[in-house]
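Asks: One structure is given below, represented as structure tokens, and several questions about it will come after.
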Amino acid sequence: MGGVTSSMAAKFAFFPPNPPSYKLITDNATGLLVLDYSPRRENIEFLRLPTRRGTEIVAVYIRHPMATSTLLYSHGNAADIGQMYELFVELSVHLRVNLFGYDYSGYGQSSGKPSEQNTYADIEAAYKCLEENYGTKQEDIILYGQSVGSGPTLDLAARLPKLRAVVLHSPILSGLRVMYPVKRTYWFDIYKNIDKIPLVKCPVLVIHGTADEVVDCSHGKQLWQMCQEKYEPLWLKGGNHCDLELYPEYSRHLKKFILSVEKSPSRRNGSRSSTDRLEQSRRSTDFFEAPRKSSDWREAPRKSIDRSEKLKTHDYKFHNIDKLDKIGISFDQMERSRRSVEYHEKSRRSIDQQLQKARKSVDWLDRIRAG
């Protein structure tokens, strides 16, 4: 059951560009990897990295001569390095940071298939490369997660106590909560960010558009409320899921945040974690967990949105009903699944009420005996 559900969720969550937007070729003069459509630049390096799950991912490292921070960027669900490349270069220049971007397993020229667990291994490989190949310290790293990229970002951030900062760009509370306004965390859910954000010890910036039609802005607002170390959030009025970089406030606020954490780094206890301990400390989502209450709240259940126009490259696309037909799952089946979840919730409440009545009955008998 768990494997089937996780597989179904993965089909909603991952939309790698097909065909990939780029190819990697070997430069004849240097023997280094380069993009097939772009000339080699001295400060940019492409790499292939092995992961602990047996895949090989493609990554890019952009060096800035004045940088004191390194941005580890996890992109959205329908993009790859080829599409993100120019934005990566612009962010490195504007923010004066080194930038490390990577493609998830099954994306771009990375091998394997995309899955929740693979993305966790992918970001660990990227972090290990920064630490071992470039000598980057944990306290100089800023993790940046966009949309589905908020999943691997928070999974890693929850296990690294001395990170410089985290940026969440149009983040999700969890995969299931994008589709349904559930009030608790279920074992079959993916990217349970709502349960991991309280474990993050560094400053967190949340950026979300108020008109996001894919991941409601309430996701970002609730995650921000649950941060240990909140930074002034950026709620971009009228911003949708894929266009936040186009707003001037985006780059201004992001630069202000980075300058702030560079000048006044948060002082946290504990030594820097080694990459050797990442797997030991990680809370696996493979385990079967009993339904548990979460601090999830909603102002009101979000209305389902159907639209036929194609979303841009960063689009999460959870709500796209056409995709359901392609993988052989009807909307009626999903509705029955939702009603089943509600039925179990009602059953649990009924049991709680019965137990409460039984307890009151025992108390009443005790009072009679005492009298």
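By order of appearance in the structure tokens: chains A, B, ..., then residues from 1 within every chain, and ligands from 1 in the order shown.
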If you run DSSP on the backbone, which residues of stretch 32-113 of chain A are strand (DSSP E or B), as a VMD selection string?
Replies: chain A and resid 33 to 35 44 to 50 56 to 62 70 to 74 98 to 102
Asks: For A:Tyr250, which of A:Glu86, A:Lys113, A:His94, A:Lys137 is the closest residue, counting only C-alpha atoms?
Replies: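 Comparing A:Glu86, A:Lys113, A:His94, A:Lys137 against A:Tyr250, the winner is A:His94.
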Asks: Any idea what's packed within 9 Å of A:Trp224, counting only C-alpha atoms, ignoring anything in its chain fewer than 5 positions away? Could you give it as a list in words?
Replies: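 Near neighbours after the sequence-gap exclusion: Ile197, Val204, Leu205, Val206, His219, Lys230, Tyr231 and Pro233 of chain A.
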Asks: Limited to N, CA, C and O atoms, could you put the picked residues into a file as a CSV table (one decimal), in the first residue's frame?
Replies:
```csv
chain,number,residue,atom,x,y,z
A,197,ILE,N,10.0,21.8,9.6
A,197,ILE,CA,10.3,23.2,9.7
A,197,ILE,C,10.6,23.6,11.2
A,197,ILE,O,11.5,24.4,11.4
A,204,VAL,N,15.2,31.8,8.6
A,204,VAL,CA,14.4,31.3,7.4
A,204,VAL,C,13.7,32.5,6.8
A,204,VAL,O,12.9,33.2,7.5
A,205,LEU,N,13.9,32.6,5.5
A,205,LEU,CA,13.1,33.6,4.7
A,205,LEU,C,12.1,32.8,3.9
A,205,LEU,O,12.4,31.8,3.2
A,206,VAL,N,10.8,33.2,3.9
A,206,VAL,CA,9.8,32.6,3.1
A,206,VAL,C,9.3,33.6,2.1
A,206,VAL,O,9.0,34.8,2.5
A,219,HIS,N,0.3,28.0,2.6
A,219,HIS,CA,1.4,27.0,2.8
A,219,HIS,C,2.6,27.8,3.3
A,219,HIS,O,3.2,27.5,4.4
A,230,LYS,N,12.5,33.3,12.7
A,230,LYS,CA,11.8,33.9,11.5
A,230,LYS,C,12.6,35.2,11.0
A,230,LYS,O,13.1,36.0,11.8
A,231,TYR,N,12.6,35.3,9.7
A,231,TYR,CA,13.0,36.6,9.1
A,231,TYR,C,11.8,37.2,8.4
A,231,TYR,O,10.9,36.5,8.0
A,233,PRO,N,9.1,37.9,6.2
A,233,PRO,CA,8.7,37.2,4.9
A,233,PRO,C,8.4,38.2,3.8
A,233,PRO,O,8.2,39.4,4.0
```
Asks: Calculated over only C-alpha atoms, which of the candidates A:Leu95, A:Leu32, A:Val60, A:Met66 has the smallest distance to A:Gly82?
Replies: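 Checking each of A:Leu95, A:Leu32, A:Val60, A:Met66 against A:Gly82, counting only C-alpha atoms, the winner is A:Val60.
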